[in-house]
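Source file: work.cif; contents: mmCIF, C-alpha atoms.
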data_input
#
loop_
_atom_site.label_atom_id
_atom_site.label_comp_id
_atom_site.auth_asym_id
_atom_site.auth_seq_id
_atom_site.Cartn_x
_atom_site.Cartn_y
_atom_site.Cartn_z
CA MET A 1220 -47.72 -25.33 62.02
CA LYS A 1221 -50.36 -25.46 64.69
CA PRO A 1222 -52.92 -28.26 64.53
CA CYS A 1223 -56.20 -27.46 62.82
CA PRO A 1224 -58.99 -26.05 64.99
CA SER A 1225 -62.08 -28.15 65.58
CA ASP A 1226 -65.34 -27.71 63.65
CA THR A 1227 -66.91 -26.14 66.74
CA GLN A 1228 -64.07 -23.58 66.96
CA LEU A 1229 -64.38 -22.81 63.26
CA GLY A 1230 -68.15 -22.32 63.63
CA ALA A 1231 -67.67 -20.01 66.59
CA PHE A 1232 -64.95 -18.11 64.69
CA LEU A 1233 -67.32 -17.57 61.81
CA ASP A 1234 -70.09 -16.36 64.16
CA GLY A 1235 -67.69 -13.95 65.92
CA GLU A 1236 -68.09 -15.65 69.32
CA LEU A 1237 -64.38 -16.25 70.11
CA PRO A 1238 -62.08 -14.02 72.19
CA GLU A 1239 -60.01 -11.63 70.16
CA ALA A 1240 -56.67 -13.45 70.57
CA GLU A 1241 -58.13 -16.87 69.71
CA ALA A 1242 -60.01 -15.42 66.74
CA ALA A 1243 -56.77 -13.85 65.47
CA ALA A 1244 -54.91 -17.16 65.80
CA ILE A 1245 -57.60 -19.05 63.88
CA GLU A 1246 -57.73 -16.34 61.22
CA ALA A 1247 -53.97 -16.70 60.72
CA HIS A 1248 -54.28 -20.48 60.55
CA VAL A 1249 -57.16 -20.39 58.05
CA ALA A 1250 -55.09 -18.06 55.83
CA THR A 1251 -52.37 -20.70 55.49
CA CYS A 1252 -54.48 -23.95 55.68
CA GLU A 1253 -56.43 -24.94 52.62
CA ARG A 1254 -58.57 -27.54 54.38
CA CYS A 1255 -59.70 -25.13 57.16
CA ALA A 1256 -60.24 -22.36 54.60
CA ALA A 1257 -62.53 -24.69 52.63
CA GLU A 1258 -64.37 -25.62 55.84
CA VAL A 1259 -64.93 -21.96 56.76
CA ALA A 1260 -66.15 -21.25 53.24
CA ALA A 1261 -68.64 -24.11 53.51
CA TYR A 1262 -69.98 -22.77 56.82
CA ALA A 1263 -70.29 -19.31 55.29
CA ARG A 1264 -72.34 -20.69 52.39
CA LEU A 1265 -74.60 -22.56 54.81
CA ASP A 1266 -75.19 -19.38 56.84
CA LYS A 1267 -76.06 -17.47 53.68
CA LEU A 1268 -78.44 -20.22 52.59
CA VAL A 1269 -80.26 -20.27 55.93
CA ALA A 1270 -80.45 -16.49 56.01
CA THR A 1271 -82.12 -16.37 52.61
CA ALA A 1272 -84.53 -19.28 53.21
CA PRO A 1273 -88.16 -18.22 53.70
CA VAL A 1274 -89.61 -18.47 57.24
CA PRO A 1275 -92.98 -20.28 57.20
CA GLU A 1276 -95.92 -18.60 58.87
CA VAL A 1277 -97.39 -20.46 61.91
CA ALA A 1278 -101.13 -20.17 62.31
CA ASP A 1279 -102.63 -19.29 65.69
CA ASP A 1280 -104.36 -22.68 66.06
CA GLU A 1281 -101.01 -24.43 65.45
CA TRP A 1282 -99.42 -22.34 68.24
CA ALA A 1283 -102.32 -23.12 70.53
CA ALA A 1284 -102.04 -26.85 69.85
CA ALA A 1285 -98.30 -26.78 70.51
CA TRP A 1286 -98.71 -24.80 73.75
CA SER A 1287 -101.35 -27.12 75.05
CA THR A 1288 -98.97 -30.10 74.83
CA ILE A 1289 -96.13 -28.07 76.37
CA ALA A 1290 -98.35 -26.76 79.16
CA ALA A 1291 -99.44 -30.30 79.98
CA ARG A 1292 -95.79 -31.33 80.44
CA ILE A 1293 -94.71 -28.37 82.58
CA ALA A 1294 -97.85 -28.00 84.71
CA PRO A 1295 -97.15 -28.38 88.50
CA GLU A 1296 -98.45 -31.41 90.45
CA PRO A 1297 -101.97 -30.82 91.67
CA ALA A 1298 -101.93 -29.69 95.32
CA GLN A 1299 -102.87 -32.50 97.76
CA THR A 1300 -105.71 -31.89 100.15
CA SER A 1301 -104.21 -31.84 103.63
CA THR A 1302 -106.47 -33.03 106.42
CA LEU A 1303 -105.51 -34.03 109.96
CA TRP A 1304 -106.28 -37.67 109.14
CA SER A 1305 -104.07 -37.65 106.03
CA ARG A 1306 -101.28 -35.82 107.85
CA LEU A 1307 -101.25 -38.56 110.51
CA GLY A 1308 -100.17 -40.87 107.67
CA ARG A 1309 -97.73 -43.45 109.01
CA LEU A 1310 -98.60 -42.62 112.58
CA ARG A 1311 -102.14 -43.79 111.86
CA THR A 1312 -100.90 -47.24 110.82
CA ALA A 1313 -99.03 -47.51 114.12
CA LEU A 1314 -101.91 -46.23 116.23
CA VAL A 1315 -104.49 -48.73 115.03
CA PRO A 1316 -102.70 -51.88 116.30
CA ALA A 1317 -101.58 -50.00 119.42
CA ALA A 1318 -105.17 -49.09 120.22
CA ALA A 1319 -106.26 -52.67 119.59
CA ALA A 1320 -103.55 -54.02 121.92
CA ALA A 1321 -104.49 -51.48 124.57
CA LEU A 1322 -108.13 -52.50 124.39
CA ILE A 1323 -107.21 -56.18 124.75
CA ALA A 1324 -104.95 -55.36 127.72
CA LEU A 1325 -107.74 -53.29 129.28
CA ALA A 1326 -110.21 -56.13 128.83
CA ALA A 1327 -107.72 -58.58 130.36
CA GLY A 1328 -107.22 -56.22 133.30
CA VAL A 1329 -110.95 -55.92 133.93
CA TRP A 1330 -111.34 -59.69 133.67
CA ALA A 1331 -108.42 -60.15 136.07
CA LEU A 1332 -110.03 -57.80 138.58
CA HIS A 1333 -113.34 -59.59 138.57
CA SER A 1334 -111.77 -63.04 138.78
CA GLY A 1335 -109.39 -62.09 141.58
CA ARG A 1336 -106.27 -62.78 139.51
CA VAL A 1337 -104.49 -59.51 139.92
CA LEU A 1338 -100.92 -58.99 138.75
CA VAL A 1339 -99.14 -61.71 140.67
CA PRO A 1340 -95.38 -62.20 140.75
CA VAL A 1341 -94.37 -65.33 138.88
CA GLN A 1342 -91.39 -66.14 141.04
CA ALA A 1343 -90.08 -65.49 144.50
CA VAL A 1344 -88.63 -62.04 145.02
CA VAL A 1345 -86.06 -61.83 147.81
CA GLU A 1346 -86.79 -58.45 149.36
CA GLU A 1347 -84.32 -58.65 152.22
CA ILE A 1348 -81.55 -60.96 153.31
CA GLU A 1349 -79.47 -60.39 156.42
CA PRO A 1350 -76.91 -62.88 157.72
CA ALA A 1351 -75.68 -62.66 161.29
CA GLU A 1352 -72.08 -61.79 162.03
CA GLY A 1353 -69.82 -64.65 161.04
CA TYR A 1354 -72.19 -65.86 158.33
CA THR A 1355 -72.71 -64.99 154.72
CA ALA A 1356 -75.87 -65.34 152.75
CA ASN A 1357 -76.64 -65.26 149.08
CA CYS A 1358 -79.54 -66.03 146.85
CA PHE A 1359 -80.04 -66.91 143.23
CA TYR A 1360 -82.89 -67.77 140.95
CA SER A 1361 -82.59 -70.89 138.85
CA ALA A 1362 -84.52 -70.32 135.64
CA GLU A 1363 -84.10 -73.98 134.74
CA ALA A 1364 -85.91 -75.12 137.88
CA ASP A 1365 -87.97 -71.93 138.35
CA VAL A 1366 -86.97 -71.69 141.98
CA THR A 1367 -85.24 -69.20 144.23
CA ILE A 1368 -82.70 -70.58 146.69
CA ILE A 1369 -81.16 -68.75 149.64
CA THR A 1370 -77.89 -70.08 151.01
CA VAL A 1371 -76.55 -69.27 154.46
CA LEU A 1372 -73.16 -70.53 155.54
CA PRO A 1373 -70.45 -69.60 158.03
CA THR A 1374 -67.81 -67.22 156.75
CA ASP A 1375 -64.92 -69.32 158.00
CA GLY A 1376 -66.52 -72.64 157.03
CA GLN A 1377 -65.51 -74.17 160.36
CA GLU A 1378 -68.89 -75.55 161.42
CA GLU A 1379 -69.09 -79.28 161.95
CA ALA A 1380 -70.97 -81.27 159.37
CA TRP A 1381 -74.54 -82.37 159.97
CA ASP A 1382 -74.61 -85.73 161.68
CA ASP A 1383 -74.72 -88.65 159.30
CA ASN A 1384 -78.20 -89.86 160.13
CA GLY A 1385 -79.51 -86.36 159.46
CA GLN A 1386 -82.14 -86.80 162.12
CA GLY A 1387 -80.90 -84.34 164.72
CA PRO A 1388 -83.54 -83.78 167.34
CA LEU A 1389 -86.37 -85.25 165.26
CA MET B 84 -93.56 -48.84 117.11
CA ALA B 85 -93.08 -51.22 120.05
CA ARG B 86 -92.22 -48.32 122.32
CA ALA B 87 -95.30 -46.41 121.26
CA LEU B 88 -97.41 -49.50 121.80
CA SER B 89 -96.12 -50.14 125.31
CA ARG B 90 -96.63 -46.50 126.23
CA ALA B 91 -100.19 -46.63 125.02
CA VAL B 92 -100.87 -49.80 127.00
CA LEU B 93 -99.30 -48.32 130.13
CA LEU B 94 -101.37 -45.18 129.79
CA LEU B 95 -104.60 -47.07 129.33
CA MET B 96 -103.89 -49.62 132.05
CA ALA B 97 -102.97 -47.04 134.69
CA PRO B 98 -106.55 -46.46 135.92
CA CYS B 99 -107.07 -50.21 135.98
CA TRP B 100 -104.08 -50.70 138.26
CA VAL B 101 -105.14 -47.90 140.53
CA TYR B 102 -108.52 -49.57 140.85
CA ALA B 103 -106.83 -52.93 141.36
CA ALA B 104 -104.79 -51.55 144.23
CA GLY B 105 -107.95 -50.45 146.03
CA PHE B 106 -109.77 -53.69 145.29
CA GLY B 107 -106.78 -55.75 146.40
CA GLY B 108 -106.45 -53.76 149.60
CA ASP B 109 -109.96 -54.68 150.71
CA ALA B 110 -109.49 -58.28 149.72
CA ALA B 111 -106.15 -58.48 151.49
CA LYS B 112 -107.84 -57.37 154.73
CA LYS B 113 -110.39 -60.18 154.35
CA VAL B 114 -107.65 -62.71 153.67
CA ALA B 115 -105.67 -61.53 156.68
CA ALA B 116 -108.30 -62.95 158.96
CA LEU B 117 -108.14 -66.40 157.42
CA GLY B 118 -104.57 -67.52 157.91
CA VAL B 119 -102.24 -69.63 155.85
CA GLU B 120 -100.96 -73.18 155.58
CA ILE B 121 -97.19 -73.46 155.70
CA GLU B 122 -95.34 -76.53 154.48
CA VAL B 123 -91.67 -77.04 155.18
CA VAL B 124 -89.95 -80.01 153.53
CA VAL B 125 -86.63 -80.74 155.22
CA ILE B 126 -84.06 -82.56 153.11
CA LYS B 127 -80.55 -83.63 153.98
CA ALA B 128 -78.06 -83.39 151.14
CA SER B 129 -74.71 -85.15 151.33
CA GLY B 130 -71.86 -86.52 149.27
CA ARG B 131 -70.83 -85.39 145.83
CA GLY B 132 -72.05 -86.54 142.48
CA LEU B 133 -73.09 -85.32 139.10
CA LYS B 134 -76.18 -87.52 139.04
CA PRO B 135 -77.94 -87.10 142.38
CA ASP B 136 -79.75 -89.91 144.11
CA PHE B 137 -83.12 -88.70 145.37
CA ASP B 138 -85.15 -90.19 148.18
CA GLY B 139 -88.30 -91.62 146.58
CA ARG B 140 -90.47 -89.74 149.09
CA ILE B 141 -89.40 -86.37 147.75
CA SER B 142 -92.06 -85.05 145.40
CA ALA B 143 -91.28 -84.93 141.69
CA GLU B 144 -91.72 -81.17 141.66
CA LEU B 145 -89.22 -80.66 144.46
CA ARG B 146 -86.80 -83.10 142.86
CA LYS B 147 -86.93 -81.06 139.69
CA LYS B 148 -86.23 -77.87 141.61
CA LEU B 149 -83.31 -79.43 143.49
CA ALA B 150 -81.82 -80.88 140.32
CA GLY B 151 -82.17 -77.52 138.58
CA CYS B 152 -80.17 -75.75 141.30
CA HIS B 153 -77.08 -77.86 140.48
CA LEU B 154 -75.85 -77.98 144.06
CA ALA B 155 -73.75 -81.05 143.15
CA TYR B 156 -74.73 -83.15 146.15
CA GLY B 157 -74.78 -86.88 145.53
CA LYS B 158 -77.67 -87.86 147.75
CA TYR B 159 -80.87 -86.15 148.87
CA ALA B 160 -82.73 -87.76 151.76
CA LEU B 161 -86.10 -86.64 153.07
CA VAL B 162 -85.85 -85.85 156.75
CA ASP B 163 -89.26 -84.46 157.52
CA VAL B 164 -92.32 -82.71 156.12
CA GLN B 165 -93.90 -80.25 158.53
CA HIS B 166 -97.30 -78.61 158.06
CA LYS B 167 -98.27 -75.62 160.13
CA SER B 168 -101.55 -73.75 160.14
CA ALA B 169 -100.86 -70.18 161.12
CA ARG B 170 -102.54 -66.86 161.27
CA TYR B 171 -100.89 -64.08 159.37
CA LYS B 172 -98.19 -62.16 161.20
CA ARG B 173 -97.79 -64.95 163.76
CA LYS B 174 -94.50 -66.81 164.07
CA VAL B 175 -94.38 -70.55 163.57
CA ILE B 176 -91.34 -72.69 164.36
CA CYS B 177 -90.15 -75.69 162.38
CA ILE B 178 -87.58 -77.99 163.94
CA LEU B 179 -84.45 -78.76 161.95
CA PRO B 180 -81.71 -81.34 162.46
CA GLY B 181 -78.87 -80.43 164.83
CA LYS B 182 -81.21 -78.63 167.25
CA GLU B 183 -81.58 -75.84 164.76
CA ALA B 184 -84.90 -74.24 163.91
CA LEU B 185 -86.64 -72.23 161.23
CA ALA B 186 -89.04 -69.47 162.23
CA ILE B 187 -91.56 -68.31 159.65
CA ILE B 188 -93.89 -65.32 159.65
CA CYS B 189 -96.33 -64.87 156.75
CA THR B 190 -97.84 -61.49 155.96
CA PRO B 191 -100.44 -60.85 153.26
CA HIS B 192 -99.50 -58.32 150.65
CA THR B 193 -100.91 -54.92 151.51
CA SER B 194 -102.40 -54.18 148.10
CA ARG B 195 -102.54 -57.42 146.14
CA THR B 196 -104.43 -60.57 146.88
CA HIS B 197 -102.23 -63.36 145.63
CA PRO B 198 -98.62 -62.81 146.69
CA VAL B 199 -97.55 -63.51 150.24
CA ARG B 200 -94.59 -62.13 152.12
CA VAL B 201 -92.68 -64.84 153.95
CA ALA B 202 -90.11 -63.79 156.53
CA THR B 203 -87.75 -66.52 157.72
CA GLN B 204 -85.20 -66.78 160.49
CA VAL B 205 -82.69 -69.62 160.67
CA ILE B 206 -81.83 -70.27 164.32
CA ASP B 207 -78.76 -72.28 165.24
CA GLY B 208 -78.43 -74.86 168.01
CA ALA B 209 -77.52 -72.17 170.55
CA GLY B 210 -80.69 -70.18 169.81
CA LYS B 211 -78.90 -67.50 167.82
CA ILE B 212 -80.52 -66.14 164.69
CA ILE B 213 -77.92 -66.66 162.00
CA GLN B 214 -79.90 -65.40 159.04
CA ARG B 215 -83.00 -63.38 158.30
CA ALA B 216 -84.65 -63.21 154.89
CA GLN B 217 -87.86 -61.79 153.52
CA VAL B 218 -89.32 -63.17 150.31
CA LEU B 219 -92.36 -62.10 148.32
CA LEU B 220 -93.76 -65.00 146.35
CA PRO B 221 -97.00 -66.42 145.00
CA TYR B 222 -99.00 -68.77 147.16
CA ASN B 223 -98.45 -72.47 146.50
CA LYS B 224 -94.96 -71.89 145.16
CA ALA B 225 -91.87 -73.12 147.02
CA PHE B 226 -88.59 -71.40 147.60
CA LEU B 227 -85.55 -73.05 149.12
CA ILE B 228 -83.18 -72.29 151.99
CA HIS B 229 -79.85 -74.04 151.73
CA ARG B 230 -77.92 -74.45 154.98
CA PRO B 231 -74.56 -76.11 154.27
CA LYS B 232 -72.51 -77.30 157.20
CA GLY B 233 -69.26 -79.09 156.48
CA ALA B 234 -69.67 -81.44 153.53
CA SER B 235 -73.41 -81.87 153.93
CA ALA B 236 -76.38 -79.54 154.02
CA VAL B 237 -79.96 -79.22 155.11
CA ILE B 238 -82.28 -77.83 152.50
CA MET B 239 -85.67 -76.45 153.40
CA GLY B 240 -88.44 -76.18 150.81
CA ILE B 241 -90.91 -73.59 152.10
CA THR B 242 -94.39 -73.13 150.61
CA ALA B 243 -97.29 -71.00 151.81
CA TYR B 244 -100.61 -72.50 150.73
CA LYS B 245 -103.94 -70.82 150.59
CA HIS B 246 -106.92 -72.98 149.81
CA PRO B 247 -108.66 -71.91 146.57
CA SER B 248 -111.95 -71.52 148.44
CA LYS B 249 -110.29 -68.89 150.59
CA MET B 250 -109.18 -66.88 147.62
CA PRO B 251 -110.94 -63.53 147.43
CA GLY B 252 -113.38 -62.79 144.66
CA ARG B 253 -114.90 -66.32 144.58
#

How would this structure read if it were set down as C-alpha cells?
Amino acid sequence: MKPCPSDTQLGAFLDGELPEAEAAAIEAHVATCERCAAEVAAYARLDKLVATAPVPEVADDEWAAAWSTIAARIAPEPAQTSTLWSRLGRLRTALVPAAAAALIALAAGVWALHSGRVLVPVQAVVEEIEPAEGYTANCFYSAEADVTIITVLPTDGQEEAWDDNGQGPL
Amino acid sequence: MARALSRAVLLLMAPCWVYAAGFGGDAAKKVAALGVEIEVVVIKASGRGLKPDFDGRISAELRKKLAGCHLAYGKYALVDVQHKSARYKRKVICILPGKEALAIICTPHTSRTHPVRVATQVIDGAGKIIQRAQVLLPYNKAFLIHRPKGASAVIMGITAYKHPSKMPGR
C-alpha cells in the first residue's frame, strides 16, 4: 500500500487542483484508507460550512479607512528635488577643502613673489657631469647629510696617492 | 581626493608661476651685475676608519656633511680655505694639492633669483681637464667634489654665497 498523501495533497484533491493521474491515484488510495477517507470527509464538511456561512457587508467608510492605511504603505518615495548643488553631492565635500588649499597656496605664492623667495631648489641638482677619457665620475645625494657629492677617479686606479703632507703646491 | 586637490592647486598656481618667471628674469639680470662670493674648502682625507678623526678647523656643518657621506676615511685634515670674489660667468681658479686646480664659473639662473648654476672643472697636474660638472644649487649651500687618488683623497666643499643685502626684492 502506498503511503498516505499529505494534508495539502488531500486539500488540493478535494478542490480539483491536481493533475488527472495524481488525482486518480489519491482517489484509489482514499477508497481503501479509512484515515484518509475520514480526512477528506472532514475537509468536505468544512468547505460546505464556509460556503453556507453568511458574508458580512462592508460599509464604504470601512473600505475607505482600510485603503487609506494600505495606500500609505504602498505609496512611492516622494521625488527629491534635483538641483546642481545637490547633484554635486560628494564632489562638493571634496571641492571645499581643495579650494581652501588652493587659496592658501596662492597666497603663499604671492607672498613669495613679493619677498623674493621664489621656488628655490632645496638641494644641489647635478645637471651635467662629464669625465675625461680615462676617468669615471659619479654623483650621489646623501639625504642623511643633505649634501651632493661628485666623485672623479681614474678608471684604472693607477694614479699615485696624494703626498702625505697633503700640501702640494700650497 | 588628493589627486583632485593637487590638480586644483596646480591650476590655480600656474598664473603665479608664469608671473614669477617674469619677475625672476628681471631680478636675475640685476643680480648678474653684482657677482658672487665663492668659498672652496680643501680637505685631505686619508686612512681608513669607521669613526673619522676630523681636523678641529673644519666647520661643524662640513663635518656633518662629510660624516653623512660615509666615505670611510679615517682622518680629515683641513688643507686650505679659499675665498674668491667673482663676477658671474667669469672663471676663477682654486689651487689644489699636487699641482691640480679647480676652475669654477658661476651663472645666475635665467628665470629664478635664488638658485645659482656652478660649473666646475677639475684640472690635473699636467693642465688637463679631467672632469667637468654643472650643478644647480641654492646660494649658501655647499656641494662636494671628491677626488680620490690612491688610498687618499682631496675633497672640495664648494659654496656660492650671495650677501642677503644683494638679494633682489629687498

Mind checking which residues fall within 9 Å of Ser1361 of chain A, counting all atoms listed in the file, ignoring those fewer than 3 positions away in the same chain, and posting them as a list in words?
Ala1364, Asp1365, Val1366, Thr1367 and Ile1368 of chain A; Lys148, Gly151 and Cys152 of chain B

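Residue nearest Arg140 of chain B, chosen from B:Ala202, B:Leu154, B:Val123, B:Val164 and counting all atoms listed in the file: B:Val164.
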
Could you name the residues that touch Cys1358 of chain A at 12 Å or less, counting all atoms listed in the file, but leaving out those on the same chain fewer than 3 positions away, as a PyMOL selection string?
(chain A and resi 1343-1350+1355+1361+1366-1372) or (chain B and resi 152+216-218+226-230)

How would you write, as a VMD selection string, the residues chosen by the PyMOL selection byres ((chain B and resi 139) around 12) on this structure?
chain B and resid 126 136 to 138 140 to 143 145 to 146 158 to 162

In Å, rounded to a single decimal, give me how far atom CA of Gly240 of chain B is from atom CA of Tyr156 of chain B.
16.1 Å

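Straight-line separation from atom CA of Trp1286 of chain A to atom CA of Val1269 of chain A: 26.0 Å.
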
So how far away is atom CA of Leu1237 of chain A from atom CA of Asp1266 of chain A, in Å?
17.4 Å

Output of the PyMOL selection byres ((chain A and resi 1377) around 12), listed as a ChimeraX atom specification:
/A:1353-1354,1372-1376,1378-1380 /B:231-234

Applied to this file, what does the PyMOL selection byres ((chain A and resi 1229) around 12) return in terms of residues, put as a ChimeraX atom specification?
/A:1223-1228,1230-1237,1241-1246,1248-1249,1254-1263

With C-alpha atoms kept, could you save the residues just selected as a PDB file, keeping the file's coordinate frame?
ATOM      1  CA  CYS A1223     -56.200 -27.460  62.820  1.00  0.00           C
ATOM      2  CA  PRO A1224     -58.990 -26.050  64.990  1.00  0.00           C
ATOM      3  CA  SER A1225     -62.080 -28.150  65.580  1.00  0.00           C
ATOM      4  CA  ASP A1226     -65.340 -27.710  63.650  1.00  0.00           C
ATOM      5  CA  THR A1227     -66.910 -26.140  66.740  1.00  0.00           C
ATOM      6  CA  GLN A1228     -64.070 -23.580  66.960  1.00  0.00           C
ATOM      7  CA  GLY A1230     -68.150 -22.320  63.630  1.00  0.00           C
ATOM      8  CA  ALA A1231     -67.670 -20.010  66.590  1.00  0.00           C
ATOM      9  CA  PHE A1232     -64.950 -18.110  64.690  1.00  0.00           C
ATOM     10  CA  LEU A1233     -67.320 -17.570  61.810  1.00  0.00           C
ATOM     11  CA  ASP A1234     -70.090 -16.360  64.160  1.00  0.00           C
ATOM     12  CA  GLY A1235     -67.690 -13.950  65.920  1.00  0.00           C
ATOM     13  CA  GLU A1236     -68.090 -15.650  69.320  1.00  0.00           C
ATOM     14  CA  LEU A1237     -64.380 -16.250  70.110  1.00  0.00           C
ATOM     15  CA  GLU A1241     -58.130 -16.870  69.710  1.00  0.00           C
ATOM     16  CA  ALA A1242     -60.010 -15.420  66.740  1.00  0.00           C
ATOM     17  CA  ALA A1243     -56.770 -13.850  65.470  1.00  0.00           C
ATOM     18  CA  ALA A1244     -54.910 -17.160  65.800  1.00  0.00           C
ATOM     19  CA  ILE A1245     -57.600 -19.050  63.880  1.00  0.00           C
ATOM     20  CA  GLU A1246     -57.730 -16.340  61.220  1.00  0.00           C
ATOM     21  CA  HIS A1248     -54.280 -20.480  60.550  1.00  0.00           C
ATOM     22  CA  VAL A1249     -57.160 -20.390  58.050  1.00  0.00           C
ATOM     23  CA  ARG A1254     -58.570 -27.540  54.380  1.00  0.00           C
ATOM     24  CA  CYS A1255     -59.700 -25.130  57.160  1.00  0.00           C
ATOM     25  CA  ALA A1256     -60.240 -22.360  54.600  1.00  0.00           C
ATOM     26  CA  ALA A1257     -62.530 -24.690  52.630  1.00  0.00           C
ATOM     27  CA  GLU A1258     -64.370 -25.620  55.840  1.00  0.00           C
ATOM     28  CA  VAL A1259     -64.930 -21.960  56.760  1.00  0.00           C
ATOM     29  CA  ALA A1260     -66.150 -21.250  53.240  1.00  0.00           C
ATOM     30  CA  ALA A1261     -68.640 -24.110  53.510  1.00  0.00           C
ATOM     31  CA  TYR A1262     -69.980 -22.770  56.820  1.00  0.00           C
ATOM     32  CA  ALA A1263     -70.290 -19.310  55.290  1.00  0.00           C
TER      33      ALA A1263
END

Contacts of Asp163 of chain B at 10 Å (only C-alpha atoms; same-chain gap of 5+ positions) as a ChimeraX atom specification
/A:1386,1389 /B:123-127,141,178-180,239

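Compared by their closest atoms to chain A, and using all atoms listed in the file, the residues B:Lys174, B:His166, B:Lys245, B:Lys147 rank with B:Lys147 nearest.
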